[in-house]
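Text of the file final.cif, holding mmCIF, C-alpha atoms:
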data_coords
#
loop_
_atom_site.group_PDB
_atom_site.id
_atom_site.type_symbol
_atom_site.label_atom_id
_atom_site.label_comp_id
_atom_site.auth_asym_id
_atom_site.auth_seq_id
_atom_site.Cartn_x
_atom_site.Cartn_y
_atom_site.Cartn_z
ATOM 1 C CA LEU K 813 -5.906 -58.855 -2.938
ATOM 2 C CA TYR K 814 -7.763 -57.429 0.047
ATOM 3 C CA ILE K 815 -8.001 -53.652 0.417
ATOM 4 C CA HIS K 816 -9.354 -52.328 3.695
ATOM 5 C CA ILE K 817 -11.338 -49.089 3.918
ATOM 6 C CA PRO K 818 -11.399 -48.094 7.619
ATOM 7 C CA PHE K 819 -14.022 -45.344 7.388
ATOM 8 C CA CYS K 820 -17.669 -45.334 8.481
ATOM 9 C CA LYS K 821 -20.465 -42.801 8.699
ATOM 10 C CA LYS K 822 -21.506 -44.290 12.065
ATOM 11 C CA GLY K 823 -20.569 -47.204 14.276
ATOM 12 C CA CYS K 824 -22.351 -50.533 14.642
ATOM 13 C CA ASN K 825 -22.930 -51.751 18.184
ATOM 14 C CA TYR K 826 -21.076 -55.049 17.683
ATOM 15 C CA CYS K 827 -18.054 -53.895 15.660
ATOM 16 C CA ASP K 828 -14.558 -53.894 17.173
ATOM 17 C CA PHE K 829 -12.654 -53.278 13.928
ATOM 18 C CA TYR K 830 -10.482 -50.197 13.719
ATOM 19 C CA LYS K 831 -12.437 -47.407 12.045
ATOM 20 C CA LYS K 832 -12.667 -43.647 11.791
ATOM 21 C CA PHE K 833 -16.048 -41.945 11.685
ATOM 22 C CA GLN K 834 -17.041 -39.156 9.300
ATOM 23 C CA PRO K 835 -13.568 -38.646 7.764
ATOM 24 C CA THR K 836 -12.831 -35.365 6.035
ATOM 25 C CA PRO K 837 -12.167 -35.362 2.266
ATOM 26 C CA ALA K 838 -8.505 -34.589 3.007
ATOM 27 C CA VAL K 839 -8.190 -37.661 5.236
ATOM 28 C CA MET K 840 -9.911 -39.842 2.654
ATOM 29 C CA ASP K 841 -7.596 -38.589 -0.096
ATOM 30 C CA SER K 842 -4.488 -39.107 2.015
ATOM 31 C CA TYR K 843 -5.603 -42.640 2.810
ATOM 32 C CA LEU K 844 -5.799 -43.507 -0.893
ATOM 33 C CA ASP K 845 -2.252 -42.182 -1.303
ATOM 34 C CA ALA K 846 -1.128 -44.296 1.654
ATOM 35 C CA VAL K 847 -2.737 -47.448 0.234
ATOM 36 C CA GLU K 848 -0.940 -46.911 -3.057
ATOM 37 C CA ARG K 849 2.382 -46.543 -1.242
ATOM 38 C CA GLU K 850 1.665 -49.696 0.760
ATOM 39 C CA MET K 851 0.872 -51.587 -2.454
ATOM 40 C CA GLU K 852 4.229 -50.528 -3.869
ATOM 41 C CA PHE K 853 5.981 -51.587 -0.661
ATOM 42 C CA ARG K 854 4.247 -54.994 -0.780
ATOM 43 C CA ARG K 855 4.842 -55.494 -4.483
ATOM 44 C CA ASP K 856 6.764 -58.747 -3.978
ATOM 45 C CA PHE K 857 4.362 -60.151 -1.374
ATOM 46 C CA VAL K 858 2.392 -62.318 -3.821
ATOM 47 C CA GLY K 859 5.457 -63.374 -5.784
ATOM 48 C CA GLY K 860 4.792 -63.852 -9.470
ATOM 49 C CA ASP K 861 1.338 -65.356 -9.001
ATOM 50 C CA PRO K 862 -1.494 -63.702 -10.932
ATOM 51 C CA VAL K 863 -4.171 -61.903 -8.925
ATOM 52 C CA ARG K 864 -7.547 -63.574 -9.463
ATOM 53 C CA THR K 865 -9.726 -61.602 -7.056
ATOM 54 C CA ILE K 866 -9.821 -58.204 -5.388
ATOM 55 C CA PHE K 867 -11.981 -57.497 -2.341
ATOM 56 C CA PHE K 868 -12.722 -54.042 -0.915
ATOM 57 C CA GLY K 869 -13.757 -54.520 2.718
ATOM 58 C CA GLY K 870 -14.233 -52.315 5.720
ATOM 59 C CA GLY K 871 -15.287 -50.280 7.381
ATOM 60 C CA THR K 872 -17.461 -49.026 4.578
ATOM 61 C CA PRO K 873 -15.921 -49.009 1.082
ATOM 62 C CA SER K 874 -19.069 -47.326 -0.270
ATOM 63 C CA ILE K 875 -18.090 -44.193 1.633
ATOM 64 C CA TYR K 876 -15.831 -43.589 -1.386
ATOM 65 C CA HIS K 877 -17.022 -42.664 -4.862
ATOM 66 C CA PRO K 878 -16.660 -45.728 -7.131
ATOM 67 C CA SER K 879 -13.964 -43.940 -9.136
ATOM 68 C CA SER K 880 -11.710 -44.089 -6.060
ATOM 69 C CA LEU K 881 -12.074 -47.879 -5.933
ATOM 70 C CA GLN K 882 -11.229 -48.039 -9.632
ATOM 71 C CA ARG K 883 -8.164 -45.899 -8.945
ATOM 72 C CA LEU K 884 -6.826 -48.588 -6.609
ATOM 73 C CA ILE K 885 -7.624 -51.337 -9.123
ATOM 74 C CA ASP K 886 -5.681 -49.390 -11.744
ATOM 75 C CA LYS K 887 -2.769 -49.037 -9.332
ATOM 76 C CA ALA K 888 -2.799 -52.771 -8.644
ATOM 77 C CA ARG K 889 -2.589 -53.436 -12.384
ATOM 78 C CA THR K 890 0.724 -51.550 -12.534
ATOM 79 C CA LEU K 891 2.188 -53.822 -9.847
ATOM 80 C CA TRP K 892 0.741 -57.286 -10.385
ATOM 81 C CA ASP K 893 -0.593 -59.522 -13.145
ATOM 82 C CA LEU K 894 -4.318 -58.832 -13.324
ATOM 83 C CA SER K 895 -4.810 -60.321 -16.768
ATOM 84 C CA GLY K 896 -6.779 -63.213 -15.271
ATOM 85 C CA LEU K 897 -8.812 -61.103 -12.857
ATOM 86 C CA GLU K 898 -12.120 -62.883 -12.327
ATOM 87 C CA GLU K 899 -13.881 -61.158 -9.460
ATOM 88 C CA VAL K 900 -13.777 -57.703 -7.875
ATOM 89 C CA THR K 901 -15.965 -57.374 -4.799
ATOM 90 C CA ALA K 902 -16.956 -54.227 -2.924
ATOM 91 C CA GLU K 903 -18.775 -54.227 0.397
ATOM 92 C CA ILE K 904 -21.661 -51.773 0.146
ATOM 93 C CA ASN K 905 -23.898 -50.401 2.870
ATOM 94 C CA PRO K 906 -27.528 -50.687 1.671
ATOM 95 C CA SER K 907 -28.212 -47.035 2.520
ATOM 96 C CA ASP K 908 -25.432 -46.005 0.110
ATOM 97 C CA ALA K 909 -26.823 -48.086 -2.754
ATOM 98 C CA THR K 910 -28.676 -45.352 -4.588
ATOM 99 C CA GLU K 911 -29.355 -45.684 -8.300
ATOM 100 C CA GLU K 912 -26.742 -43.002 -8.936
ATOM 101 C CA TYR K 913 -24.085 -44.757 -6.840
ATOM 102 C CA LEU K 914 -24.765 -48.162 -8.378
ATOM 103 C CA GLY K 915 -24.737 -46.617 -11.844
ATOM 104 C CA GLU K 916 -21.265 -45.193 -11.193
ATOM 105 C CA LEU K 917 -20.123 -48.491 -9.679
ATOM 106 C CA ALA K 918 -21.241 -50.299 -12.827
ATOM 107 C CA LYS K 919 -18.721 -48.214 -14.781
ATOM 108 C CA THR K 920 -15.847 -49.712 -12.775
ATOM 109 C CA GLU K 921 -14.372 -53.209 -12.750
ATOM 110 C CA VAL K 922 -16.331 -54.112 -9.616
ATOM 111 C CA ASN K 923 -18.471 -57.083 -10.680
ATOM 112 C CA ARG K 924 -19.586 -58.428 -7.304
ATOM 113 C CA ILE K 925 -21.341 -56.608 -4.459
ATOM 114 C CA SER K 926 -21.411 -57.753 -0.849
ATOM 115 C CA PHE K 927 -24.270 -56.056 0.992
ATOM 116 C CA GLY K 928 -24.039 -55.767 4.777
ATOM 117 C CA ILE K 929 -27.704 -56.590 5.339
ATOM 118 C CA GLN K 930 -27.339 -58.392 8.726
ATOM 119 C CA SER K 931 -31.121 -58.766 9.083
ATOM 120 C CA PHE K 932 -34.337 -57.979 7.233
ATOM 121 C CA ILE K 933 -36.026 -57.173 10.554
ATOM 122 C CA ASP K 934 -36.007 -53.509 11.589
ATOM 123 C CA ARG K 935 -35.922 -54.346 15.300
ATOM 124 C CA ASP K 936 -32.692 -56.287 14.801
ATOM 125 C CA LEU K 937 -31.170 -53.523 12.689
ATOM 126 C CA ALA K 938 -31.922 -50.936 15.374
ATOM 127 C CA LEU K 939 -30.343 -53.135 18.054
ATOM 128 C CA LEU K 940 -27.278 -53.752 15.888
ATOM 129 C CA GLY K 941 -26.899 -50.023 15.268
ATOM 130 C CA ARG K 942 -27.140 -50.301 11.477
ATOM 131 C CA ARG K 943 -27.916 -47.143 9.481
ATOM 132 C CA HIS K 944 -30.281 -48.828 7.005
ATOM 133 C CA ASN K 945 -33.719 -50.375 7.381
ATOM 134 C CA SER K 946 -35.192 -53.536 5.900
ATOM 135 C CA GLN K 947 -36.889 -51.680 3.049
ATOM 136 C CA GLN K 948 -33.589 -50.101 2.016
ATOM 137 C CA ALA K 949 -31.957 -53.538 2.107
ATOM 138 C CA VAL K 950 -34.481 -55.020 -0.307
ATOM 139 C CA LYS K 951 -34.351 -52.011 -2.615
ATOM 140 C CA ALA K 952 -30.542 -52.096 -2.694
ATOM 141 C CA ILE K 953 -30.504 -55.702 -3.877
ATOM 142 C CA GLN K 954 -33.171 -55.060 -6.494
ATOM 143 C CA ALA K 955 -31.455 -51.884 -7.725
ATOM 144 C CA ALA K 956 -28.133 -53.686 -8.077
ATOM 145 C CA ARG K 957 -29.787 -56.314 -10.274
ATOM 146 C CA GLU K 958 -31.322 -53.583 -12.406
ATOM 147 C CA LYS K 959 -27.884 -52.020 -12.891
ATOM 148 C CA GLY K 960 -26.557 -55.303 -14.232
ATOM 149 C CA PHE K 961 -24.785 -56.783 -11.216
ATOM 150 C CA ASP K 962 -25.328 -60.538 -11.437
ATOM 151 C CA ASN K 963 -23.158 -61.636 -8.523
ATOM 152 C CA LEU K 964 -24.579 -60.489 -5.200
ATOM 153 C CA SER K 965 -23.714 -61.570 -1.678
ATOM 154 C CA VAL K 966 -25.389 -60.633 1.589
ATOM 155 C CA ASP K 967 -24.127 -60.771 5.153
ATOM 156 C CA LEU K 968 -26.558 -62.002 7.796
ATOM 157 C CA ILE K 969 -25.987 -62.115 11.550
ATOM 158 C CA PHE K 970 -27.494 -64.799 13.756
ATOM 159 C CA GLY K 971 -27.365 -65.175 17.508
ATOM 160 C CA ILE K 972 -29.003 -61.766 17.923
ATOM 161 C CA PRO K 973 -30.629 -61.360 21.359
ATOM 162 C CA GLY K 974 -34.399 -61.588 21.025
ATOM 163 C CA GLN K 975 -34.380 -63.097 17.530
ATOM 164 C CA THR K 976 -36.503 -66.231 17.259
ATOM 165 C CA MET K 977 -35.909 -69.284 15.107
ATOM 166 C CA LYS K 978 -38.927 -68.286 13.026
ATOM 167 C CA GLU K 979 -37.470 -64.839 12.428
ATOM 168 C CA LEU K 980 -34.093 -66.277 11.438
ATOM 169 C CA ASP K 981 -35.839 -68.590 9.007
ATOM 170 C CA ARG K 982 -37.688 -65.582 7.595
ATOM 171 C CA ASN K 983 -34.364 -63.774 7.092
ATOM 172 C CA LEU K 984 -32.921 -66.724 5.190
ATOM 173 C CA MET K 985 -36.032 -67.175 3.058
ATOM 174 C CA LYS K 986 -36.024 -63.453 2.255
ATOM 175 C CA ALA K 987 -32.454 -63.623 0.993
ATOM 176 C CA ILE K 988 -33.259 -66.699 -1.100
ATOM 177 C CA ALA K 989 -36.402 -65.077 -2.492
ATOM 178 C CA LEU K 990 -34.274 -62.096 -3.597
ATOM 179 C CA ARG K 991 -32.104 -64.572 -5.544
ATOM 180 C CA VAL K 992 -28.803 -63.580 -3.976
ATOM 181 C CA ASP K 993 -25.873 -65.683 -5.114
ATOM 182 C CA HIS K 994 -24.133 -66.061 -1.776
ATOM 183 C CA ILE K 995 -24.939 -65.718 1.912
ATOM 184 C CA SER K 996 -22.330 -65.144 4.606
ATOM 185 C CA ALA K 997 -23.858 -65.918 7.986
ATOM 186 C CA TYR K 998 -21.994 -64.791 11.080
ATOM 187 C CA HIS K 999 -22.767 -65.473 14.706
ATOM 188 C CA LEU K 1000 -22.930 -62.280 16.745
ATOM 189 C CA THR K 1001 -19.795 -61.919 18.836
ATOM 190 C CA VAL K 1002 -19.862 -59.630 21.840
ATOM 191 C CA GLU K 1003 -16.496 -57.897 22.158
ATOM 192 C CA SER K 1004 -15.378 -55.872 25.154
ATOM 193 C CA GLY K 1005 -15.145 -52.160 24.531
ATOM 194 C CA THR K 1006 -18.020 -52.161 22.036
ATOM 195 C CA PRO K 1007 -21.514 -50.830 22.778
ATOM 196 C CA PHE K 1008 -22.737 -54.447 22.909
ATOM 197 C CA GLY K 1009 -19.960 -55.318 25.317
ATOM 198 C CA ARG K 1010 -21.035 -52.524 27.620
ATOM 199 C CA MET K 1011 -24.704 -53.546 27.300
ATOM 200 C CA VAL K 1012 -23.866 -57.093 28.362
ATOM 201 C CA GLU K 1013 -21.702 -55.884 31.254
ATOM 202 C CA SER K 1014 -24.533 -53.671 32.494
ATOM 203 C CA GLY K 1015 -27.139 -56.417 32.097
ATOM 204 C CA LYS K 1016 -29.157 -54.588 29.441
ATOM 205 C CA ILE K 1017 -28.851 -57.544 27.048
ATOM 206 C CA SER K 1018 -27.773 -61.161 27.443
ATOM 207 C CA PRO K 1019 -26.009 -63.345 24.854
ATOM 208 C CA ILE K 1020 -28.171 -66.199 23.603
ATOM 209 C CA GLU K 1021 -27.839 -69.652 25.131
ATOM 210 C CA GLU K 1022 -25.355 -72.110 23.605
ATOM 211 C CA ALA K 1023 -28.107 -74.575 22.676
ATOM 212 C CA ASP K 1024 -29.909 -71.809 20.780
ATOM 213 C CA SER K 1025 -26.681 -70.908 18.982
ATOM 214 C CA GLU K 1026 -26.307 -74.499 17.853
ATOM 215 C CA ALA K 1027 -29.914 -74.722 16.699
ATOM 216 C CA GLN K 1028 -29.581 -71.529 14.646
ATOM 217 C CA TYR K 1029 -26.290 -72.696 13.154
ATOM 218 C CA LEU K 1030 -27.822 -75.972 12.042
ATOM 219 C CA MET K 1031 -30.902 -74.232 10.633
ATOM 220 C CA ILE K 1032 -28.689 -72.020 8.477
ATOM 221 C CA HIS K 1033 -26.769 -75.004 7.111
ATOM 222 C CA ASN K 1034 -29.939 -76.977 6.447
#
Would you write the structure of this file as structure tokens?
Amino acid sequence: LYIHIPFCKKGCNYCDFYKKFQPTPAVMDSYLDAVEREMEFRRDFVGGDPVRTIFFGGGTPSIYHPSSLQRLIDKARTLWDLSGLEEVTAEINPSDATEEYLGELAKTEVNRISFGIQSFIDRDLALLGRRHNSQQAVKAIQAAREKGFDNLSVDLIFGIPGQTMKELDRNLMKAIALRVDHISAYHLTVESGTPFGRMVESGKISPIEEADSEAQYLMIHN
């Protein structure tokens, strides 16, 4: 079961997903109501199969208090068989991962966190338009471990203009050194209508060469 949270505190330069920035509490509350109605409408979509996993993606699910995510899990339990639920993942922005937030999240059924790290290099994060820095990324992972989360995933982006092979290797080694359980590595895609798209059109940045893309891809797999 995938539940999309289309809200963000700010936009990333590469993102072309639908999102709404800085939503009011009223909008956020009405969205939860709408998701619950949609779940009721789609009740028969999965047939009689049990739900094994739930994934809160975005957008930025951590814009909500953890109790709101639990509310949607509870709603799902009234509609589908969750008796065999194995994994509940929430995407969390590292800058939201305070000790208080993670402590509240630990009280819910969320047992897996996917951190949108993208890079451990501040220059990359600034170019990507992320609202966290590398130090916050490391602290978020460490704090999640301390709160008892033993299933952590990180997103990394490769194909970033100006990033060297050595820097990509450093990103991968940093994630491994932090003992994350899963890495999702995505090649940067430049979409029209995004800040990156406009930067490419104006000549401010250039996508990396295809041979470099291949070399980075193979490095990640190796």
Give me the residues within 12 Å of K:Ile988 as a count of residues only, counting all atoms listed in the file and dropping any in the same chain fewer than 2 places off. 18
Taking (-20.1, -49.0, 17.1) in the file's coordinates, which residues come within 12 Å, counting all atoms listed in the file, written as a list in words?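 Those residues, ordered by chain and then number, are Cys820, Lys821, Lys822, Gly823, Cys824, Asn825, Tyr826, Cys827, Asp828, Phe829, Tyr830, Lys831, Lys832, Phe833, Gly871, Leu939, Leu940, Gly941, Arg942, Arg943, Val1002, Glu1003, Ser1004, Gly1005, Thr1006, Pro1007, Phe1008, Gly1009 and Arg1010 of chain K.
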Spell out the residues picked by the PyMOL selection byres ((chain K and resi 976) around 12) here, as a ChimeraX atom specification. /K:933,936,970-975,977-983,1020,1024-1025,1027-1028,1031
Just write the chosen residues, C-alpha atoms, as a PDB file, in the frame of the given file.
ATOM      1  CA  ILE K 933     -36.026 -57.173  10.554  1.00  0.00           C
ATOM      2  CA  ASP K 936     -32.692 -56.287  14.801  1.00  0.00           C
ATOM      3  CA  PHE K 970     -27.494 -64.799  13.756  1.00  0.00           C
ATOM      4  CA  GLY K 971     -27.365 -65.175  17.508  1.00  0.00           C
ATOM      5  CA  ILE K 972     -29.003 -61.766  17.923  1.00  0.00           C
ATOM      6  CA  PRO K 973     -30.629 -61.360  21.359  1.00  0.00           C
ATOM      7  CA  GLY K 974     -34.399 -61.588  21.025  1.00  0.00           C
ATOM      8  CA  GLN K 975     -34.380 -63.097  17.530  1.00  0.00           C
ATOM      9  CA  MET K 977     -35.909 -69.284  15.107  1.00  0.00           C
ATOM     10  CA  LYS K 978     -38.927 -68.286  13.026  1.00  0.00           C
ATOM     11  CA  GLU K 979     -37.470 -64.839  12.428  1.00  0.00           C
ATOM     12  CA  LEU K 980     -34.093 -66.277  11.438  1.00  0.00           C
ATOM     13  CA  ASP K 981     -35.839 -68.590   9.007  1.00  0.00           C
ATOM     14  CA  ARG K 982     -37.688 -65.582   7.595  1.00  0.00           C
ATOM     15  CA  ASN K 983     -34.364 -63.774   7.092  1.00  0.00           C
ATOM     16  CA  ILE K1020     -28.171 -66.199  23.603  1.00  0.00           C
ATOM     17  CA  ASP K1024     -29.909 -71.809  20.780  1.00  0.00           C
ATOM     18  CA  SER K1025     -26.681 -70.908  18.982  1.00  0.00           C
ATOM     19  CA  ALA K1027     -29.914 -74.722  16.699  1.00  0.00           C
ATOM     20  CA  GLN K1028     -29.581 -71.529  14.646  1.00  0.00           C
ATOM     21  CA  MET K1031     -30.902 -74.232  10.633  1.00  0.00           C
TER      22      MET K1031
END
Proximity of stretch 912-962 of chain K to stretch 894-904 of chain K: per-residue shortest pair, 7 Å limit, only C-alpha atoms, as a tab-separated table:
residue	atom	partner	partner_atom	distance
K:Glu921	CA	K:Val900	CA	6.7
K:Val922	CA	K:Val900	CA	4.7
K:Asn923	CA	K:Val900	CA	5.5
K:Arg924	CA	K:Thr901	CA	4.5
K:Ile925	CA	K:Ala902	CA	5.2
K:Ser926	CA	K:Glu903	CA	4.6
K:Phe927	CA	K:Ile904	CA	5.1
K:Gly928	CA	K:Ile904	CA	6.6
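Coordinates place atom CA of K:Glu911 at a distance of 15.7 Å from atom CA of K:Asp962.
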Mind giving me the axis-aligned box for stretch 855-866 of chain K with 4 Å on every side, centre plus edges in Å to one decimal, as AutoDock Vina command-line options?
--center_x -1.5 --center_y -60.4 --center_z -6.2 --size_x 24.6 --size_y 17.9 --size_z 17.6
In terms of the shortest atom-to-atom distance over only C-alpha atoms, which of K:Phe819, K:Tyr843, K:Phe857, K:Tyr998 is closest to K:Leu884?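 Checking each candidate against K:Leu884, we get K:Tyr843 as the closest.
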Counting all atoms listed in the file, which residue out of K:Ile815, K:Leu1030, K:Ala989, K:Ala1023 sits closest to K:Thr872?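 Nearest to K:Thr872: K:Ile815.
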Measuring atom to atom with only C-alpha atoms, identify which of K:His1033, K:His816, K:Arg935, K:Arg957 is nearest to K:Phe868.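 Closest to K:Phe868, using only C-alpha atoms: K:His816.
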How far is it from atom CA of K:Arg889 to atom CA of K:Asn963, in Å with one decimal? 22.5 Å
Kindly indicate which residue among K:Gln882, K:Ser996, K:Asn945, K:Thr920 lies nearest to K:Asn905, using all atoms listed in the file for the distances. K:Asn945
Between atom CA of K:Tyr876 and atom CA of K:Ala938, what is the distance in Å, rounded to a tenth?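 Rounded to one decimal, the two atoms are 24.4 Å apart.
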